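File shown here: data.txt, holding compact mmCIF, N, CA and C atoms.
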```
# COMPACT_ATOMS: atom_id res chain seq x y z
N MET A 3 -66.16 -142.88 133.81
CA MET A 3 -66.40 -142.54 135.20
C MET A 3 -66.51 -143.83 136.02
N THR A 4 -65.88 -143.82 137.17
CA THR A 4 -65.91 -145.01 138.01
C THR A 4 -67.15 -145.01 138.90
N GLY A 5 -67.44 -146.18 139.44
CA GLY A 5 -68.60 -146.31 140.29
C GLY A 5 -68.24 -146.54 141.74
N ILE A 6 -69.04 -145.98 142.62
CA ILE A 6 -68.90 -146.19 144.05
C ILE A 6 -69.95 -147.22 144.44
N GLU A 7 -69.57 -148.18 145.25
CA GLU A 7 -70.54 -149.14 145.74
C GLU A 7 -71.08 -148.62 147.07
N LEU A 8 -72.37 -148.33 147.09
CA LEU A 8 -73.05 -147.77 148.25
C LEU A 8 -74.00 -148.82 148.79
N ARG A 9 -73.88 -149.14 150.09
CA ARG A 9 -74.71 -150.18 150.70
C ARG A 9 -75.18 -149.76 152.08
N SER A 10 -76.14 -150.52 152.60
CA SER A 10 -76.59 -150.35 153.98
C SER A 10 -76.88 -151.73 154.56
N ASN A 11 -76.55 -151.93 155.83
CA ASN A 11 -76.93 -153.18 156.46
C ASN A 11 -78.34 -153.09 157.05
N ALA A 12 -79.01 -151.96 156.82
CA ALA A 12 -80.38 -151.77 157.29
C ALA A 12 -81.42 -152.13 156.23
N PHE A 13 -81.03 -152.06 154.96
CA PHE A 13 -81.93 -152.42 153.86
C PHE A 13 -81.10 -152.70 152.62
N ASN A 14 -81.63 -153.53 151.75
CA ASN A 14 -80.98 -153.83 150.48
C ASN A 14 -81.49 -152.89 149.40
N ASP A 15 -80.77 -152.83 148.30
CA ASP A 15 -81.18 -151.99 147.18
C ASP A 15 -82.58 -152.38 146.72
N HIS A 16 -83.45 -151.41 146.61
CA HIS A 16 -84.84 -151.56 146.19
C HIS A 16 -85.68 -152.41 147.15
N SER A 17 -85.31 -152.39 148.43
CA SER A 17 -86.14 -153.05 149.44
C SER A 17 -86.63 -151.99 150.43
N PHE A 18 -87.52 -152.41 151.32
CA PHE A 18 -88.17 -151.46 152.23
C PHE A 18 -87.26 -151.03 153.37
N ILE A 19 -87.38 -149.75 153.70
CA ILE A 19 -86.66 -149.14 154.82
C ILE A 19 -87.53 -149.31 156.07
N ALA A 20 -86.92 -149.68 157.18
CA ALA A 20 -87.66 -149.89 158.43
C ALA A 20 -88.19 -148.57 159.00
N ARG A 21 -89.26 -148.67 159.78
CA ARG A 21 -89.89 -147.51 160.40
C ARG A 21 -88.92 -146.73 161.28
N ARG A 22 -87.92 -147.41 161.81
CA ARG A 22 -86.92 -146.75 162.67
C ARG A 22 -86.29 -145.55 161.97
N TYR A 23 -86.17 -145.62 160.66
CA TYR A 23 -85.51 -144.57 159.89
C TYR A 23 -86.51 -143.54 159.33
N ALA A 24 -87.80 -143.78 159.55
CA ALA A 24 -88.85 -142.92 159.00
C ALA A 24 -89.09 -141.70 159.89
N TYR A 25 -89.63 -140.67 159.29
CA TYR A 25 -89.93 -139.43 159.99
C TYR A 25 -90.93 -139.66 161.12
N GLU A 26 -91.88 -140.56 160.90
CA GLU A 26 -92.90 -140.85 161.90
C GLU A 26 -92.40 -141.80 162.99
N GLY A 27 -91.25 -142.39 162.78
CA GLY A 27 -90.65 -143.28 163.77
C GLY A 27 -89.59 -142.52 164.55
N PRO A 28 -88.55 -143.22 164.99
CA PRO A 28 -87.46 -142.54 165.68
C PRO A 28 -86.68 -141.55 164.80
N ASN A 29 -86.84 -141.67 163.48
CA ASN A 29 -86.22 -140.73 162.53
C ASN A 29 -84.70 -140.73 162.64
N VAL A 30 -84.13 -141.93 162.66
CA VAL A 30 -82.68 -142.12 162.73
C VAL A 30 -82.16 -142.31 161.32
N SER A 31 -81.09 -141.62 160.97
CA SER A 31 -80.50 -141.82 159.64
C SER A 31 -79.95 -143.25 159.55
N PRO A 32 -80.11 -143.89 158.39
CA PRO A 32 -79.65 -145.27 158.26
C PRO A 32 -78.13 -145.36 158.15
N PRO A 33 -77.57 -146.51 158.55
CA PRO A 33 -76.13 -146.71 158.36
C PRO A 33 -75.84 -146.93 156.88
N LEU A 34 -74.72 -146.43 156.44
CA LEU A 34 -74.29 -146.60 155.06
C LEU A 34 -72.81 -146.96 155.04
N THR A 35 -72.42 -147.76 154.06
CA THR A 35 -71.01 -148.02 153.80
C THR A 35 -70.75 -147.80 152.32
N TRP A 36 -69.52 -147.44 152.00
CA TRP A 36 -69.18 -147.23 150.60
C TRP A 36 -67.74 -147.66 150.35
N SER A 37 -67.50 -147.98 149.08
CA SER A 37 -66.17 -148.35 148.62
C SER A 37 -66.04 -147.93 147.17
N GLY A 38 -64.81 -147.88 146.69
CA GLY A 38 -64.57 -147.51 145.29
C GLY A 38 -64.46 -146.03 145.05
N VAL A 39 -64.19 -145.25 146.10
CA VAL A 39 -64.01 -143.80 145.93
C VAL A 39 -62.64 -143.57 145.29
N PRO A 40 -62.57 -142.81 144.21
CA PRO A 40 -61.27 -142.55 143.56
C PRO A 40 -60.29 -141.86 144.52
N ASP A 41 -59.02 -142.19 144.38
CA ASP A 41 -57.99 -141.62 145.25
C ASP A 41 -57.89 -140.11 145.13
N ASP A 42 -58.24 -139.57 143.96
CA ASP A 42 -58.10 -138.13 143.75
C ASP A 42 -59.35 -137.33 144.12
N ALA A 43 -60.31 -137.96 144.78
CA ALA A 43 -61.52 -137.23 145.20
C ALA A 43 -61.16 -136.20 146.27
N ALA A 44 -61.72 -134.99 146.13
CA ALA A 44 -61.48 -133.93 147.10
C ALA A 44 -62.51 -133.98 148.24
N GLU A 45 -63.72 -134.39 147.93
CA GLU A 45 -64.76 -134.52 148.94
C GLU A 45 -65.86 -135.42 148.42
N LEU A 46 -66.69 -135.88 149.34
CA LEU A 46 -67.89 -136.63 149.00
C LEU A 46 -69.11 -135.80 149.38
N VAL A 47 -70.16 -135.97 148.60
CA VAL A 47 -71.45 -135.32 148.88
C VAL A 47 -72.50 -136.42 148.88
N LEU A 48 -73.35 -136.40 149.90
CA LEU A 48 -74.43 -137.36 150.03
C LEU A 48 -75.77 -136.65 149.88
N LEU A 49 -76.63 -137.22 149.05
CA LEU A 49 -77.98 -136.70 148.85
C LEU A 49 -78.95 -137.86 148.96
N CYS A 50 -79.99 -137.69 149.77
CA CYS A 50 -81.11 -138.64 149.77
C CYS A 50 -82.32 -137.84 149.33
N GLU A 51 -82.97 -138.33 148.27
CA GLU A 51 -84.10 -137.61 147.71
C GLU A 51 -85.23 -138.56 147.36
N ASP A 52 -86.45 -138.02 147.37
CA ASP A 52 -87.66 -138.77 147.02
C ASP A 52 -88.29 -138.11 145.79
N PRO A 53 -88.10 -138.70 144.60
CA PRO A 53 -88.68 -138.11 143.40
C PRO A 53 -90.19 -138.35 143.30
N ASP A 54 -90.75 -139.20 144.18
CA ASP A 54 -92.19 -139.51 144.14
C ASP A 54 -93.02 -138.56 145.00
N ALA A 55 -92.40 -137.62 145.68
CA ALA A 55 -93.12 -136.69 146.56
C ALA A 55 -94.15 -135.89 145.76
N PRO A 56 -95.33 -135.66 146.34
CA PRO A 56 -96.40 -134.97 145.61
C PRO A 56 -96.04 -133.56 145.14
N SER A 57 -95.17 -132.87 145.89
CA SER A 57 -94.83 -131.49 145.53
C SER A 57 -93.56 -131.40 144.70
N GLY A 58 -93.06 -132.54 144.22
CA GLY A 58 -91.81 -132.57 143.47
C GLY A 58 -90.73 -133.24 144.29
N THR A 59 -89.58 -133.44 143.70
CA THR A 59 -88.50 -134.15 144.38
C THR A 59 -88.15 -133.47 145.70
N PHE A 60 -88.10 -134.29 146.76
CA PHE A 60 -87.94 -133.81 148.13
C PHE A 60 -86.58 -134.25 148.67
N ALA A 61 -85.85 -133.30 149.28
CA ALA A 61 -84.54 -133.60 149.86
C ALA A 61 -84.71 -134.08 151.30
N HIS A 62 -84.25 -135.31 151.57
CA HIS A 62 -84.32 -135.87 152.92
C HIS A 62 -83.01 -135.72 153.68
N TRP A 63 -81.90 -135.67 152.95
CA TRP A 63 -80.58 -135.54 153.59
C TRP A 63 -79.62 -134.99 152.58
N VAL A 64 -78.92 -133.92 152.94
CA VAL A 64 -77.86 -133.35 152.09
C VAL A 64 -76.66 -133.13 152.99
N VAL A 65 -75.55 -133.80 152.67
CA VAL A 65 -74.33 -133.68 153.45
C VAL A 65 -73.18 -133.36 152.50
N VAL A 66 -72.46 -132.29 152.77
CA VAL A 66 -71.31 -131.89 151.96
C VAL A 66 -70.03 -132.03 152.79
N GLY A 67 -68.89 -132.01 152.10
CA GLY A 67 -67.61 -132.01 152.79
C GLY A 67 -67.23 -133.31 153.47
N ILE A 68 -67.83 -134.42 153.04
CA ILE A 68 -67.52 -135.71 153.65
C ILE A 68 -66.09 -136.11 153.28
N ASP A 69 -65.38 -136.63 154.26
CA ASP A 69 -64.00 -137.08 154.06
C ASP A 69 -63.96 -138.16 152.97
N PRO A 70 -63.22 -137.92 151.87
CA PRO A 70 -63.18 -138.90 150.78
C PRO A 70 -62.44 -140.19 151.16
N HIS A 71 -61.74 -140.19 152.29
CA HIS A 71 -61.04 -141.39 152.74
C HIS A 71 -61.89 -142.21 153.71
N SER A 72 -63.09 -141.73 154.00
CA SER A 72 -64.00 -142.46 154.89
C SER A 72 -64.65 -143.60 154.12
N ASP A 73 -65.25 -144.53 154.86
CA ASP A 73 -65.89 -145.67 154.19
C ASP A 73 -67.30 -145.94 154.68
N GLY A 74 -67.88 -144.96 155.39
CA GLY A 74 -69.26 -145.15 155.81
C GLY A 74 -69.64 -144.27 156.98
N VAL A 75 -70.88 -144.47 157.41
CA VAL A 75 -71.44 -143.71 158.53
C VAL A 75 -72.37 -144.62 159.32
N GLU A 76 -72.29 -144.53 160.63
CA GLU A 76 -73.17 -145.31 161.50
C GLU A 76 -74.56 -144.69 161.53
N ALA A 77 -75.55 -145.50 161.90
CA ALA A 77 -76.92 -145.01 162.03
C ALA A 77 -76.96 -143.84 163.03
N GLY A 78 -77.71 -142.81 162.65
CA GLY A 78 -77.90 -141.67 163.53
C GLY A 78 -76.74 -140.71 163.61
N HIS A 79 -75.75 -140.83 162.75
CA HIS A 79 -74.58 -139.95 162.77
C HIS A 79 -74.43 -139.21 161.45
N CYS A 80 -73.65 -138.15 161.51
CA CYS A 80 -73.26 -137.42 160.30
C CYS A 80 -72.02 -138.11 159.73
N PRO A 81 -71.93 -138.26 158.41
CA PRO A 81 -70.73 -138.86 157.83
C PRO A 81 -69.46 -138.09 158.24
N PRO A 82 -68.33 -138.78 158.36
CA PRO A 82 -67.08 -138.18 158.81
C PRO A 82 -66.69 -136.92 158.02
N GLY A 83 -66.46 -135.84 158.76
CA GLY A 83 -66.05 -134.59 158.16
C GLY A 83 -67.17 -133.81 157.51
N GLY A 84 -68.36 -134.40 157.43
CA GLY A 84 -69.46 -133.80 156.69
C GLY A 84 -70.17 -132.68 157.44
N THR A 85 -70.84 -131.85 156.67
CA THR A 85 -71.72 -130.80 157.18
C THR A 85 -73.11 -131.08 156.66
N GLU A 86 -74.06 -131.29 157.57
CA GLU A 86 -75.45 -131.56 157.18
C GLU A 86 -76.15 -130.25 156.90
N LEU A 87 -76.77 -130.17 155.73
CA LEU A 87 -77.51 -128.97 155.35
C LEU A 87 -78.98 -129.16 155.70
N VAL A 88 -79.78 -128.14 155.43
CA VAL A 88 -81.20 -128.16 155.77
C VAL A 88 -81.97 -128.98 154.73
N ASN A 89 -82.78 -129.91 155.21
CA ASN A 89 -83.56 -130.79 154.33
C ASN A 89 -84.90 -130.15 153.94
N GLY A 90 -85.71 -130.90 153.22
CA GLY A 90 -87.00 -130.39 152.75
C GLY A 90 -88.00 -130.10 153.85
N TYR A 91 -87.78 -130.66 155.04
CA TYR A 91 -88.64 -130.36 156.19
C TYR A 91 -88.26 -129.03 156.85
N GLY A 92 -87.16 -128.42 156.39
CA GLY A 92 -86.68 -127.19 157.01
C GLY A 92 -85.82 -127.44 158.24
N GLN A 93 -85.33 -128.68 158.37
CA GLN A 93 -84.51 -129.06 159.53
C GLN A 93 -83.13 -129.47 159.05
N GLN A 94 -82.13 -129.20 159.87
CA GLN A 94 -80.77 -129.60 159.52
C GLN A 94 -80.61 -131.09 159.76
N GLY A 95 -79.96 -131.78 158.82
CA GLY A 95 -79.68 -133.19 158.98
C GLY A 95 -80.70 -134.09 158.30
N TRP A 96 -80.81 -135.30 158.82
CA TRP A 96 -81.67 -136.33 158.27
C TRP A 96 -83.13 -136.05 158.58
N GLY A 97 -83.98 -136.24 157.59
CA GLY A 97 -85.43 -136.23 157.76
C GLY A 97 -85.96 -137.44 157.03
N GLY A 98 -86.43 -138.42 157.76
CA GLY A 98 -86.78 -139.71 157.18
C GLY A 98 -87.99 -139.70 156.26
N PRO A 99 -88.24 -140.85 155.64
CA PRO A 99 -89.38 -141.00 154.74
C PRO A 99 -90.71 -140.68 155.44
N HIS A 100 -91.60 -140.04 154.70
CA HIS A 100 -92.92 -139.70 155.24
C HIS A 100 -93.90 -139.47 154.09
N PRO A 101 -94.09 -140.50 153.24
CA PRO A 101 -95.00 -140.31 152.11
C PRO A 101 -96.45 -140.21 152.58
N PRO A 102 -97.32 -139.63 151.78
CA PRO A 102 -98.73 -139.56 152.17
C PRO A 102 -99.31 -140.96 152.38
N PRO A 103 -100.14 -141.13 153.41
CA PRO A 103 -100.77 -142.44 153.64
C PRO A 103 -101.55 -142.88 152.39
N GLY A 104 -101.41 -144.15 152.06
CA GLY A 104 -102.14 -144.70 150.92
C GLY A 104 -101.42 -144.60 149.60
N ASP A 105 -100.36 -143.80 149.52
CA ASP A 105 -99.57 -143.73 148.29
C ASP A 105 -98.89 -145.08 148.05
N ASP A 106 -98.60 -145.37 146.78
CA ASP A 106 -97.72 -146.49 146.49
C ASP A 106 -96.38 -146.21 147.17
N ALA A 107 -95.58 -147.23 147.33
CA ALA A 107 -94.26 -147.05 147.95
C ALA A 107 -93.47 -145.97 147.21
N HIS A 108 -92.87 -145.07 147.98
CA HIS A 108 -91.99 -144.06 147.41
C HIS A 108 -90.58 -144.61 147.35
N HIS A 109 -89.79 -144.07 146.43
CA HIS A 109 -88.41 -144.46 146.22
C HIS A 109 -87.49 -143.41 146.84
N TYR A 110 -86.58 -143.85 147.68
CA TYR A 110 -85.64 -142.95 148.34
C TYR A 110 -84.26 -143.24 147.79
N PHE A 111 -83.76 -142.31 146.98
CA PHE A 111 -82.48 -142.47 146.30
C PHE A 111 -81.38 -141.88 147.17
N PHE A 112 -80.50 -142.74 147.69
CA PHE A 112 -79.31 -142.31 148.40
C PHE A 112 -78.22 -142.25 147.34
N ARG A 113 -77.66 -141.06 147.13
CA ARG A 113 -76.64 -140.87 146.10
C ARG A 113 -75.39 -140.31 146.77
N LEU A 114 -74.28 -140.99 146.53
CA LEU A 114 -73.00 -140.52 147.04
C LEU A 114 -72.14 -140.13 145.85
N TYR A 115 -71.64 -138.91 145.89
CA TYR A 115 -70.84 -138.36 144.80
C TYR A 115 -69.42 -138.10 145.27
N ALA A 116 -68.44 -138.52 144.49
CA ALA A 116 -67.04 -138.14 144.70
C ALA A 116 -66.77 -136.97 143.76
N LEU A 117 -66.23 -135.89 144.33
CA LEU A 117 -66.02 -134.68 143.56
C LEU A 117 -64.52 -134.36 143.43
N SER A 118 -64.17 -133.74 142.31
CA SER A 118 -62.78 -133.36 142.06
C SER A 118 -62.37 -132.14 142.87
N GLU A 119 -63.36 -131.36 143.29
CA GLU A 119 -63.11 -130.18 144.13
C GLU A 119 -64.38 -129.93 144.94
N PRO A 120 -64.26 -129.26 146.08
CA PRO A 120 -65.44 -129.01 146.91
C PRO A 120 -66.50 -128.18 146.17
N CYS A 121 -67.73 -128.41 146.51
CA CYS A 121 -68.81 -127.61 145.93
C CYS A 121 -69.43 -126.74 147.02
N VAL A 122 -70.03 -125.67 146.59
CA VAL A 122 -70.70 -124.75 147.51
C VAL A 122 -72.19 -124.80 147.20
N LEU A 123 -72.97 -125.06 148.24
CA LEU A 123 -74.43 -125.14 148.10
C LEU A 123 -75.08 -124.18 149.07
N PRO A 124 -76.31 -123.76 148.78
CA PRO A 124 -77.04 -122.96 149.77
C PRO A 124 -77.29 -123.79 151.03
N ASP A 125 -77.63 -123.15 152.13
CA ASP A 125 -77.88 -123.86 153.39
C ASP A 125 -79.03 -124.84 153.30
N ALA A 126 -80.00 -124.57 152.44
CA ALA A 126 -81.17 -125.44 152.26
C ALA A 126 -81.37 -125.70 150.77
N PRO A 127 -80.48 -126.50 150.17
CA PRO A 127 -80.55 -126.69 148.72
C PRO A 127 -81.70 -127.61 148.29
N ARG A 128 -82.26 -127.28 147.15
CA ARG A 128 -83.22 -128.20 146.51
C ARG A 128 -82.41 -129.29 145.82
N PRO A 129 -83.00 -130.46 145.62
CA PRO A 129 -82.26 -131.53 144.94
C PRO A 129 -81.70 -131.12 143.59
N ASP A 130 -82.43 -130.33 142.82
CA ASP A 130 -81.91 -129.92 141.51
C ASP A 130 -80.67 -129.04 141.65
N GLN A 131 -80.58 -128.25 142.72
CA GLN A 131 -79.39 -127.44 142.94
C GLN A 131 -78.18 -128.33 143.27
N VAL A 132 -78.43 -129.38 144.06
CA VAL A 132 -77.35 -130.31 144.38
C VAL A 132 -76.85 -130.98 143.10
N HIS A 133 -77.79 -131.49 142.29
CA HIS A 133 -77.40 -132.16 141.05
C HIS A 133 -76.60 -131.22 140.14
N GLU A 134 -77.05 -129.99 140.02
CA GLU A 134 -76.38 -129.02 139.14
C GLU A 134 -74.93 -128.78 139.59
N GLU A 135 -74.73 -128.63 140.89
CA GLU A 135 -73.39 -128.36 141.39
C GLU A 135 -72.47 -129.58 141.32
N VAL A 136 -72.98 -130.76 141.68
CA VAL A 136 -72.11 -131.93 141.67
C VAL A 136 -71.76 -132.37 140.25
N GLU A 137 -72.65 -132.14 139.30
CA GLU A 137 -72.36 -132.54 137.91
C GLU A 137 -71.12 -131.84 137.37
N LYS A 138 -70.83 -130.65 137.87
CA LYS A 138 -69.67 -129.90 137.40
C LYS A 138 -68.35 -130.51 137.88
N ARG A 139 -68.41 -131.33 138.95
CA ARG A 139 -67.20 -131.80 139.61
C ARG A 139 -67.16 -133.32 139.83
N ARG A 140 -68.19 -134.02 139.43
CA ARG A 140 -68.34 -135.44 139.73
C ARG A 140 -67.31 -136.29 138.99
N ILE A 141 -66.61 -137.14 139.76
CA ILE A 141 -65.67 -138.08 139.15
C ILE A 141 -66.11 -139.53 139.38
N ALA A 142 -67.06 -139.72 140.31
CA ALA A 142 -67.62 -141.05 140.56
C ALA A 142 -68.88 -140.88 141.39
N ASP A 143 -69.75 -141.88 141.32
CA ASP A 143 -70.94 -141.84 142.15
C ASP A 143 -71.47 -143.25 142.38
N GLY A 144 -72.36 -143.35 143.35
CA GLY A 144 -73.02 -144.60 143.66
C GLY A 144 -74.42 -144.31 144.16
N THR A 145 -75.32 -145.25 143.93
CA THR A 145 -76.72 -145.06 144.32
C THR A 145 -77.25 -146.30 145.02
N LEU A 146 -78.06 -146.08 146.04
CA LEU A 146 -78.77 -147.11 146.77
C LEU A 146 -80.20 -146.62 146.91
N VAL A 147 -81.17 -147.48 146.58
CA VAL A 147 -82.58 -147.08 146.61
C VAL A 147 -83.32 -147.87 147.69
N GLY A 148 -84.01 -147.14 148.55
CA GLY A 148 -84.87 -147.74 149.55
C GLY A 148 -86.31 -147.38 149.26
N LEU A 149 -87.22 -148.20 149.76
CA LEU A 149 -88.66 -147.97 149.56
C LEU A 149 -89.32 -147.73 150.91
N TYR A 150 -90.40 -146.94 150.90
CA TYR A 150 -91.16 -146.74 152.13
C TYR A 150 -92.61 -146.43 151.76
N GLN A 151 -93.51 -146.96 152.57
CA GLN A 151 -94.93 -146.77 152.32
C GLN A 151 -95.65 -146.69 153.66
N ARG A 152 -96.67 -145.81 153.73
CA ARG A 152 -97.47 -145.72 154.96
C ARG A 152 -98.88 -146.16 154.69
```
Re-express the file's structure as structure tokens.
Amino acid sequence: MTGIELRSNAFNDHSFIARRYAYEGPNVSPPLTWSGVPDDAAELVLLCEDPDAPSGTFAHWVVVGIDPHSDGVEAGHCPPGGTELVNGYGQQGWGGPHPPPGDDAHHYFFRLYALSEPCVLPDAPRPDQVHEEVEKRRIADGTLVGLYQR
């Protein structure tokens, strides 16, 4: 399986995400760029999840149907061709980091998947549902981890 290189000019891998992107701040989705998507990919799926959430892994952003020929998304926008699903806050689109005050820094895993065929997800999928569906069709993926603490 090939790898996708997923990056952001807003934070480096395993570094802190600025308050601008947090739920308590302006709550703007961070900019992302990617490369290394296989030519035969039918679509890309983006998942941002927090496995450190007290109630279990929390979905912050789920986007399906992203154009596999795209190479990124600007801050505050939906990826090209994508459809934003309902996040763990019950809102469509991006919902930024919001860990409990005093917790150690939470890890926010941005995962981009290249799929051999489109996947169908519920309107408000749990992270485990996303993983289950993309695993059936995944031909490449990339991960970028951001940290946030209040």
As a PDB file with N, CA and C atoms, in the frame of the given file, please: the residues near A:Glu26 (cut-off 10 Å, only C-alpha atoms, same-chain neighbours under 4 positions excluded).
```
ATOM      1  N   ARG A  21     -89.260-148.670 159.780  1.00  0.00           N
ATOM      2  CA  ARG A  21     -89.890-147.510 160.400  1.00  0.00           C
ATOM      3  C   ARG A  21     -88.920-146.730 161.280  1.00  0.00           C
ATOM      4  N   ARG A  22     -87.920-147.410 161.810  1.00  0.00           N
ATOM      5  CA  ARG A  22     -86.920-146.750 162.670  1.00  0.00           C
ATOM      6  C   ARG A  22     -86.290-145.550 161.970  1.00  0.00           C
ATOM      7  N   GLY A  97     -83.980-136.240 157.590  1.00  0.00           N
ATOM      8  CA  GLY A  97     -85.430-136.230 157.760  1.00  0.00           C
ATOM      9  C   GLY A  97     -85.960-137.440 157.030  1.00  0.00           C
ATOM     10  N   GLY A  98     -86.430-138.420 157.760  1.00  0.00           N
ATOM     11  CA  GLY A  98     -86.780-139.710 157.180  1.00  0.00           C
ATOM     12  C   GLY A  98     -87.990-139.700 156.260  1.00  0.00           C
ATOM     13  N   PRO A  99     -88.240-140.850 155.640  1.00  0.00           N
ATOM     14  CA  PRO A  99     -89.380-141.000 154.740  1.00  0.00           C
ATOM     15  C   PRO A  99     -90.710-140.680 155.440  1.00  0.00           C
ATOM     16  N   HIS A 100     -91.600-140.040 154.700  1.00  0.00           N
ATOM     17  CA  HIS A 100     -92.920-139.700 155.240  1.00  0.00           C
ATOM     18  C   HIS A 100     -93.900-139.470 154.090  1.00  0.00           C
ATOM     19  N   ARG A 152     -96.670-145.810 153.730  1.00  0.00           N
ATOM     20  CA  ARG A 152     -97.470-145.720 154.960  1.00  0.00           C
ATOM     21  C   ARG A 152     -98.880-146.160 154.690  1.00  0.00           C
TER      22      ARG A 152
END
```
Counting only C-alpha atoms, closest pick from A:Arg9, A:His79, A:Arg113, A:Arg139 relative to A:Thr35 is A:Arg9
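Of all the residues in stretch 9-72 of chain A, the ones DSSP labels as strand (DSSP E or B) from the backbone are Arg9, Ser17, Phe18, Leu34, Thr35, Trp36, Ser37, Glu45, Leu46, Val47, Leu48, Leu49, Cys50, Glu51, Asp52, Phe60, Ala61, His62, Trp63, Val64, Val65, Val66, Gly67 and Ile68 of chain A.
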Include N, CA and C atoms and write out the residues we just selected as a short mmCIF file (atom, residue, chain, number, x, y, z; two decimals), in the frame of the given file.
```cif
data_model
loop_
_atom_site.label_atom_id
_atom_site.label_comp_id
_atom_site.auth_asym_id
_atom_site.auth_seq_id
_atom_site.Cartn_x
_atom_site.Cartn_y
_atom_site.Cartn_z
N ARG A 9 -73.88 -149.14 150.09
CA ARG A 9 -74.71 -150.18 150.70
C ARG A 9 -75.18 -149.76 152.08
N SER A 17 -85.31 -152.39 148.43
CA SER A 17 -86.14 -153.05 149.44
C SER A 17 -86.63 -151.99 150.43
N PHE A 18 -87.52 -152.41 151.32
CA PHE A 18 -88.17 -151.46 152.23
C PHE A 18 -87.26 -151.03 153.37
N LEU A 34 -74.72 -146.43 156.44
CA LEU A 34 -74.29 -146.60 155.06
C LEU A 34 -72.81 -146.96 155.04
N THR A 35 -72.42 -147.76 154.06
CA THR A 35 -71.01 -148.02 153.80
C THR A 35 -70.75 -147.80 152.32
N TRP A 36 -69.52 -147.44 152.00
CA TRP A 36 -69.18 -147.23 150.60
C TRP A 36 -67.74 -147.66 150.35
N SER A 37 -67.50 -147.98 149.08
CA SER A 37 -66.17 -148.35 148.62
C SER A 37 -66.04 -147.93 147.17
N GLU A 45 -63.72 -134.39 147.93
CA GLU A 45 -64.76 -134.52 148.94
C GLU A 45 -65.86 -135.42 148.42
N LEU A 46 -66.69 -135.88 149.34
CA LEU A 46 -67.89 -136.63 149.00
C LEU A 46 -69.11 -135.80 149.38
N VAL A 47 -70.16 -135.97 148.60
CA VAL A 47 -71.45 -135.32 148.88
C VAL A 47 -72.50 -136.42 148.88
N LEU A 48 -73.35 -136.40 149.90
CA LEU A 48 -74.43 -137.36 150.03
C LEU A 48 -75.77 -136.65 149.88
N LEU A 49 -76.63 -137.22 149.05
CA LEU A 49 -77.98 -136.70 148.85
C LEU A 49 -78.95 -137.86 148.96
N CYS A 50 -79.99 -137.69 149.77
CA CYS A 50 -81.11 -138.64 149.77
C CYS A 50 -82.32 -137.84 149.33
N GLU A 51 -82.97 -138.33 148.27
CA GLU A 51 -84.10 -137.61 147.71
C GLU A 51 -85.23 -138.56 147.36
N ASP A 52 -86.45 -138.02 147.37
CA ASP A 52 -87.66 -138.77 147.02
C ASP A 52 -88.29 -138.11 145.79
N PHE A 60 -88.10 -134.29 146.76
CA PHE A 60 -87.94 -133.81 148.13
C PHE A 60 -86.58 -134.25 148.67
N ALA A 61 -85.85 -133.30 149.28
CA ALA A 61 -84.54 -133.60 149.86
C ALA A 61 -84.71 -134.08 151.30
N HIS A 62 -84.25 -135.31 151.57
CA HIS A 62 -84.32 -135.87 152.92
C HIS A 62 -83.01 -135.72 153.68
N TRP A 63 -81.90 -135.67 152.95
CA TRP A 63 -80.58 -135.54 153.59
C TRP A 63 -79.62 -134.99 152.58
N VAL A 64 -78.92 -133.92 152.94
CA VAL A 64 -77.86 -133.35 152.09
C VAL A 64 -76.66 -133.13 152.99
N VAL A 65 -75.55 -133.80 152.67
CA VAL A 65 -74.33 -133.68 153.45
C VAL A 65 -73.18 -133.36 152.50
N VAL A 66 -72.46 -132.29 152.77
CA VAL A 66 -71.31 -131.89 151.96
C VAL A 66 -70.03 -132.03 152.79
N GLY A 67 -68.89 -132.01 152.10
CA GLY A 67 -67.61 -132.01 152.79
C GLY A 67 -67.23 -133.31 153.47
N ILE A 68 -67.83 -134.42 153.04
CA ILE A 68 -67.52 -135.71 153.65
C ILE A 68 -66.09 -136.11 153.28
#
```
Distance criterion (only C-alpha atoms): nearest to A:Val75 out of A:Leu8, A:Ala44, A:Ile19, A:Val39: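 The closest residue to A:Val75 is A:Leu8.
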So, with all atoms listed in the file as the atoms that count, which of A:Leu48, A:Gly78, A:Gln151, A:Pro40 lies closest to A:Pro103?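 Nearest to A:Pro103: A:Gln151.
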Choose the residue, out of A:Ala12, A:Val66, A:Ala20, A:Tyr150, that has the smallest atom-to-atom separation from A:His108; count only C-alpha atoms. A:Tyr150
Between atom CA of A:Asp42 and atom CA of A:Pro120, what is the distance, to one decimal in Å?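 According to the coordinates, atom CA of A:Asp42 and atom CA of A:Pro120 are separated by 12.1 Å.
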Excluding same-chain residues fewer than 4 positions from A:Ala43, what lies within 6.5 Å of it counting all atoms listed in the file, as an mmCIF file with N, CA and C atoms, in the frame of the given file?
```cif
data_model
loop_
_atom_site.group_PDB
_atom_site.id
_atom_site.type_symbol
_atom_site.label_atom_id
_atom_site.label_comp_id
_atom_site.auth_asym_id
_atom_site.auth_seq_id
_atom_site.Cartn_x
_atom_site.Cartn_y
_atom_site.Cartn_z
ATOM 1 N N VAL A 39 -64.190 -145.250 146.100
ATOM 2 C CA VAL A 39 -64.010 -143.800 145.930
ATOM 3 C C VAL A 39 -62.640 -143.570 145.290
ATOM 4 N N PRO A 70 -63.220 -137.920 151.870
ATOM 5 C CA PRO A 70 -63.180 -138.900 150.780
ATOM 6 C C PRO A 70 -62.440 -140.190 151.160
ATOM 7 N N ALA A 116 -68.440 -138.520 144.490
ATOM 8 C CA ALA A 116 -67.040 -138.140 144.700
ATOM 9 C C ALA A 116 -66.770 -136.970 143.760
ATOM 10 N N LEU A 117 -66.230 -135.890 144.330
ATOM 11 C CA LEU A 117 -66.020 -134.680 143.560
ATOM 12 C C LEU A 117 -64.520 -134.360 143.430
ATOM 13 N N SER A 118 -64.170 -133.740 142.310
ATOM 14 C CA SER A 118 -62.780 -133.360 142.060
ATOM 15 C C SER A 118 -62.370 -132.140 142.870
ATOM 16 N N GLU A 119 -63.360 -131.360 143.290
ATOM 17 C CA GLU A 119 -63.110 -130.180 144.130
ATOM 18 C C GLU A 119 -64.380 -129.930 144.940
#
```
